[in-house]
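Trainee: Take a look at the following structure, please.
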Amino acid sequence: MILRASIVAAIASFAMPGFALDLQGHRGARGLMPENTLPAFAAALSLGVTTLELDAGITSDGTVVIAHDRNLNTDIARAADGSYVPSPGPAIRSLSLSEVGTYDVGVLRPGSSYARQFAGQKRIAGTRIPTLAEVAALVRKSGNTTVRFNIETKLSPAAPDQTADPETFAGTLVAALRAEGLAGRTAIQSFDWRTLKAVQRMAPEIPTVCLTIARGANDNVQAGRAGASPWLAGLDVDAFGGSVPKLVKAAGCAVWSPFFRDLTAEALAESKSLDLGVVVWTVNDPADMARLIDMGVDGIITDYPDRLRTAAAEKNIALPAPTPVEP
């Protein structure tokens, strides 16, 4: 297939965002601020990142909001009376935008494993789940005209009733990006590649990123199992000799984004031979950051953009300029 020049340029601009390393702030800066909130994105912009990594959900009235989980996270969301939502939290697709706005997501549940994992995260009571439009407005306010967006579609083939279907999800997100003038600065990523195939059809100018994890209960590659993984839009890694890079290439993605512990030097070299960008997730230890930079990855997603900037600076890698902004 011959790609139009505009599509090739879009892919290249994501894989190489003008710096030797793509510094991506995971959920903004989850290690520092409440995840996927305006304070988190303001922190990432103020530190200086090349890309804001964020997650998208869709409300019952069709608004794109920024939230990681299909259901409200019971370790994050509090109702108007200050109580944390009971498990299971309501699905975002069951809530209107006004209802989503009633929840406070600024303070992790005390005593939870999540709170222990991010003990240094700042508590900001009264913080709300933002819309994509509000994140776009914050970036415009910062004056940063080059920072990119890496947006994950949050849906699962195992839970079809919890979100819109892949076509509707992709179409709603693409329309919102175009309305905000962000299509040219965005990549869309997912573990559920059905949305990526939909984006490729609807908006071929938007690069897609194939997310993978090849271990544990969340394994979406499922090598060696009978049939194709339900996460991979009909593709079967075993049909590609077990090669995830070849699988990603066949899926039409511009970038492969593996769990960082799954990446080998051989897979990285194979990806480069296939002209795939490689952006690993989610790397928080400076020693791992240094090792992956030395391996030659194109980008790193981290909860701690400050740590990644330090690790990159120690390798004499040029850093994106901070664009301080208040949420």
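Simple scheme: letters A, B, ... for chains in structure tokens order, numbers from 1 for residues in each chain, numbers from 1 for ligands in the order shown.
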Wanna dump the segment 35-92 of chain A-segment 169-177 of chain A contacts at 8 Å for me, each residue with its shortest atom pair and the distance in Å to one decimal, counting only C-alpha atoms, ordered by chain and number, as CSV?
Mentor:
```
residue,atom,partner,partner_atom,distance
A:Ala56,CA,A:Leu173,CA,8.0
A:Ile58,CA,A:Phe169,CA,7.3
A:Gly62,CA,A:Thr172,CA,7.2
A:Thr63,CA,A:Thr172,CA,7.9
A:Val64,CA,A:Leu173,CA,6.6
```
Trainee: Could you take the residues named above and write them with N, CA, C and O atoms, as a CSV table (one decimal), in the first residue's frame?
Mentor:
```csv
chain,number,residue,atom,x,y,z
A,56,ALA,N,-9.0,8.4,27.3
A,56,ALA,CA,-10.3,8.9,26.9
A,56,ALA,C,-11.4,8.0,27.2
A,56,ALA,O,-11.4,6.8,27.0
A,58,ILE,N,-16.0,8.2,27.1
A,58,ILE,CA,-17.1,8.9,26.5
A,58,ILE,C,-18.4,8.9,27.4
A,58,ILE,O,-18.8,7.8,27.8
A,62,GLY,N,-22.2,11.8,25.0
A,62,GLY,CA,-21.3,11.9,23.9
A,62,GLY,C,-20.1,12.8,24.0
A,62,GLY,O,-19.5,13.2,23.0
A,63,THR,N,-19.7,13.2,25.2
A,63,THR,CA,-18.5,14.1,25.4
A,63,THR,C,-17.3,13.2,25.8
A,63,THR,O,-17.4,12.3,26.6
A,64,VAL,N,-16.2,13.6,25.2
A,64,VAL,CA,-14.9,12.9,25.5
A,64,VAL,C,-14.4,13.5,26.8
A,64,VAL,O,-14.1,14.7,26.9
```
Trainee: Fewer than 5 positions away in the same chain doesn't count, so skip those; otherwise give me all residues within 10 Å of Ala251 of chain A, counting only C-alpha atoms, as a list in words.
Mentor: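 Those residues are Trp193, Arg194, Leu196, Lys197, Gln200, Thr208, Val209, Cys210, Leu232, Ala233, Gly234, Leu235, Pro245 and Lys246 of chain A.
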Trainee: Set the distance at 9 Å and use only C-alpha atoms: which residues neighbour Arg215 of chain A once local chain neighbours fewer than 6 positions away are removed? I'd like the list as JSON, numbers by chain.
Mentor: {"A": [221, 222, 262]}
Trainee: Which of segment 61-158 of chain A counts as strand (DSSP E) under DSSP, as a list in words please?
Mentor: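 Answer for segment 61-158 of chain A restricted to strand (DSSP E) is Val64, Val65, Ile66, Arg148, Phe149, Asn150, Ile151, Glu152 and Thr153 of chain A.
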Trainee: Can you list, as a list of chain:residue names, every protein, DNA or RNA residue that comes within 9 Å of Pro324 of chain A when you count only C-alpha atoms, leaving out same-chain residues fewer than 2 positions away?
Mentor: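 What passes the distance filter is A:Ala42, A:Ala43, A:Ala44, A:Leu45, A:Ser46, A:Leu47, A:Gly48, A:Ser142, A:Gly143, A:Pro322, A:Glu326.
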Trainee: Print the selection's residues with C-alpha atoms to a file, as a CSV table (one decimal), in the first residue's frame.
Mentor:
```csv
chain,number,residue,atom,x,y,z
A,42,ALA,CA,-0.2,21.6,33.9
A,43,ALA,CA,2.7,20.0,35.8
A,44,ALA,CA,3.9,18.1,32.8
A,45,LEU,CA,3.8,21.2,30.6
A,46,SER,CA,5.5,23.3,33.3
A,47,LEU,CA,8.3,20.7,33.5
A,48,GLY,CA,8.6,20.3,29.8
A,142,SER,CA,0.4,27.5,28.1
A,143,GLY,CA,1.4,28.8,24.7
A,322,PRO,CA,9.1,24.1,29.9
A,326,GLU,CA,-1.6,27.1,36.0
```
Trainee: Using only C-alpha atoms for the distances, tell me which of A:Leu247, A:Ala311, A:Ala267, A:Ala125 is nearest to Val283 of chain A.
Mentor: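 Residue with the minimum atom-to-atom distance to Val283 of chain A: A:Ala311.
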Trainee: Applying 8 Å and only C-alpha atoms, which residues near Lys154 of chain A remain after dropping the ones on its own chain fewer than 2 positions away? List them as a PyMOL selection string.
Mentor: chain A and resi 55-57+68-70+152+156+190
Trainee: Here is a test: counting only C-alpha atoms, which residue of A:Lys122, A:Arg116, A:Arg109, A:Arg185 is nearest to Val139 of chain A?
Mentor: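 Using only C-alpha atoms, Val139 of chain A sits closest to A:Arg185.
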Trainee: Run DSSP on the backbone and give me the residues of segment 211-276 of chain A it puts in alpha helix (DSSP H), as a list in words.
Mentor: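 Secondary structure check on segment 211-276 of chain A, alpha helix (DSSP H): Val244, Pro245, Lys246, Leu247, Val248, Lys249, Ala250, Ala265, Glu266, Ala267, Leu268, Ala269, Glu270, Ser271, Lys272 and Ser273 of chain A.
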Trainee: Output the selection as an mmCIF file, in the first residue's frame - all heavy atoms for each residue.
Mentor:
```cif
data_model
loop_
_atom_site.group_PDB
_atom_site.id
_atom_site.type_symbol
_atom_site.label_atom_id
_atom_site.label_comp_id
_atom_site.auth_asym_id
_atom_site.auth_seq_id
_atom_site.Cartn_x
_atom_site.Cartn_y
_atom_site.Cartn_z
ATOM 1 N N VAL A 244 6.099 -9.769 17.452
ATOM 2 C CA VAL A 244 5.177 -8.669 17.740
ATOM 3 C C VAL A 244 5.433 -7.481 16.805
ATOM 4 O O VAL A 244 4.472 -6.863 16.337
ATOM 5 C CB VAL A 244 5.253 -8.269 19.220
ATOM 6 C CG1 VAL A 244 4.321 -7.092 19.514
ATOM 7 C CG2 VAL A 244 4.871 -9.454 20.113
ATOM 8 N N PRO A 245 6.683 -7.110 16.504
ATOM 9 C CA PRO A 245 6.870 -6.018 15.549
ATOM 10 C C PRO A 245 6.201 -6.280 14.197
ATOM 11 O O PRO A 245 5.578 -5.374 13.619
ATOM 12 C CB PRO A 245 8.394 -5.923 15.414
ATOM 13 C CG PRO A 245 8.902 -6.396 16.745
ATOM 14 C CD PRO A 245 7.968 -7.514 17.115
ATOM 15 N N LYS A 246 6.306 -7.492 13.675
ATOM 16 C CA LYS A 246 5.650 -7.800 12.405
ATOM 17 C C LYS A 246 4.132 -7.733 12.547
ATOM 18 O O LYS A 246 3.430 -7.282 11.637
ATOM 19 C CB LYS A 246 6.081 -9.179 11.910
ATOM 20 C CG LYS A 246 7.515 -9.229 11.413
ATOM 21 C CD LYS A 246 7.901 -10.638 10.960
ATOM 22 C CE LYS A 246 9.361 -10.673 10.493
ATOM 23 N NZ LYS A 246 9.784 -12.050 10.143
ATOM 24 N N LEU A 247 3.628 -8.158 13.693
ATOM 25 C CA LEU A 247 2.197 -8.058 13.983
ATOM 26 C C LEU A 247 1.744 -6.610 13.982
ATOM 27 O O LEU A 247 0.719 -6.247 13.386
ATOM 28 C CB LEU A 247 1.925 -8.703 15.336
ATOM 29 C CG LEU A 247 0.512 -8.600 15.904
ATOM 30 C CD1 LEU A 247 -0.415 -9.575 15.197
ATOM 31 C CD2 LEU A 247 0.529 -8.884 17.412
ATOM 32 N N VAL A 248 2.510 -5.747 14.652
ATOM 33 C CA VAL A 248 2.185 -4.328 14.742
ATOM 34 C C VAL A 248 2.215 -3.686 13.359
ATOM 35 O O VAL A 248 1.339 -2.881 13.008
ATOM 36 C CB VAL A 248 3.154 -3.627 15.707
ATOM 37 C CG1 VAL A 248 3.025 -2.109 15.615
ATOM 38 C CG2 VAL A 248 2.909 -4.100 17.144
ATOM 39 N N LYS A 249 3.199 -4.037 12.569
ATOM 40 C CA LYS A 249 3.298 -3.499 11.207
ATOM 41 C C LYS A 249 2.070 -3.900 10.394
ATOM 42 O O LYS A 249 1.479 -3.074 9.682
ATOM 43 C CB LYS A 249 4.573 -3.995 10.537
ATOM 44 C CG LYS A 249 4.862 -3.348 9.193
ATOM 45 C CD LYS A 249 5.280 -1.902 9.366
ATOM 46 C CE LYS A 249 5.733 -1.296 8.045
ATOM 47 N NZ LYS A 249 6.183 0.116 8.205
ATOM 48 N N ALA A 250 1.670 -5.164 10.514
ATOM 49 C CA ALA A 250 0.499 -5.644 9.778
ATOM 50 C C ALA A 250 -0.771 -4.940 10.235
ATOM 51 O O ALA A 250 -1.713 -4.779 9.449
ATOM 52 C CB ALA A 250 0.356 -7.149 9.956
ATOM 53 N N ALA A 265 16.403 -6.308 22.875
ATOM 54 C CA ALA A 265 17.219 -5.645 21.858
ATOM 55 C C ALA A 265 16.880 -6.171 20.474
ATOM 56 O O ALA A 265 16.867 -5.404 19.492
ATOM 57 C CB ALA A 265 18.704 -5.847 22.174
ATOM 58 N N GLU A 266 16.584 -7.458 20.386
ATOM 59 C CA GLU A 266 16.256 -8.056 19.088
ATOM 60 C C GLU A 266 14.937 -7.508 18.550
ATOM 61 O O GLU A 266 14.823 -7.184 17.352
ATOM 62 C CB GLU A 266 16.189 -9.581 19.222
ATOM 63 C CG GLU A 266 17.498 -10.266 19.549
ATOM 64 C CD GLU A 266 17.949 -10.106 20.993
ATOM 65 O OE1 GLU A 266 17.106 -9.729 21.854
ATOM 66 O OE2 GLU A 266 19.137 -10.348 21.271
ATOM 67 N N ALA A 267 13.940 -7.381 19.418
ATOM 68 C CA ALA A 267 12.647 -6.849 18.980
ATOM 69 C C ALA A 267 12.759 -5.381 18.605
ATOM 70 O O ALA A 267 12.102 -4.915 17.661
ATOM 71 C CB ALA A 267 11.599 -7.044 20.069
ATOM 72 N N LEU A 268 13.592 -4.638 19.331
ATOM 73 C CA LEU A 268 13.801 -3.229 18.994
ATOM 74 C C LEU A 268 14.456 -3.098 17.627
ATOM 75 O O LEU A 268 14.035 -2.272 16.794
ATOM 76 C CB LEU A 268 14.655 -2.559 20.066
ATOM 77 C CG LEU A 268 14.988 -1.093 19.851
ATOM 78 C CD1 LEU A 268 13.736 -0.243 19.754
ATOM 79 C CD2 LEU A 268 15.885 -0.569 20.986
ATOM 80 N N ALA A 269 15.480 -3.913 17.367
ATOM 81 C CA ALA A 269 16.159 -3.864 16.068
ATOM 82 C C ALA A 269 15.202 -4.244 14.942
ATOM 83 O O ALA A 269 15.203 -3.626 13.873
ATOM 84 C CB ALA A 269 17.366 -4.795 16.083
ATOM 85 N N GLU A 270 14.366 -5.249 15.191
ATOM 86 C CA GLU A 270 13.395 -5.654 14.176
ATOM 87 C C GLU A 270 12.394 -4.533 13.910
ATOM 88 O O GLU A 270 12.033 -4.274 12.750
ATOM 89 C CB GLU A 270 12.665 -6.917 14.623
ATOM 90 C CG GLU A 270 11.701 -7.448 13.579
ATOM 91 C CD GLU A 270 11.019 -8.728 14.011
ATOM 92 O OE1 GLU A 270 10.859 -8.951 15.234
ATOM 93 O OE2 GLU A 270 10.619 -9.501 13.116
ATOM 94 N N SER A 271 11.960 -3.847 14.965
ATOM 95 C CA SER A 271 11.038 -2.727 14.798
ATOM 96 C C SER A 271 11.638 -1.635 13.936
ATOM 97 O O SER A 271 10.972 -1.075 13.049
ATOM 98 C CB SER A 271 10.661 -2.168 16.172
ATOM 99 O OG SER A 271 9.985 -3.124 16.948
ATOM 100 N N LYS A 272 12.899 -1.315 14.190
ATOM 101 C CA LYS A 272 13.556 -0.263 13.406
ATOM 102 C C LYS A 272 13.682 -0.684 11.942
ATOM 103 O O LYS A 272 13.539 0.154 11.032
ATOM 104 C CB LYS A 272 14.912 0.063 14.020
ATOM 105 C CG LYS A 272 14.790 0.777 15.374
ATOM 106 C CD LYS A 272 16.146 1.198 15.913
ATOM 107 C CE LYS A 272 16.004 1.942 17.233
ATOM 108 N NZ LYS A 272 15.291 3.224 17.097
ATOM 109 N N SER A 273 13.928 -1.975 11.702
ATOM 110 C CA SER A 273 14.018 -2.447 10.322
ATOM 111 C C SER A 273 12.684 -2.337 9.603
ATOM 112 O O SER A 273 12.637 -2.282 8.367
ATOM 113 C CB SER A 273 14.524 -3.892 10.288
ATOM 114 O OG SER A 273 13.518 -4.811 10.709
#
```
Trainee: Of the residues A:Val100, A:Leu54, A:Val105, A:Val278, which is the one nearest to Ile76 of chain A, using only C-alpha atoms?
Mentor: A:Val105
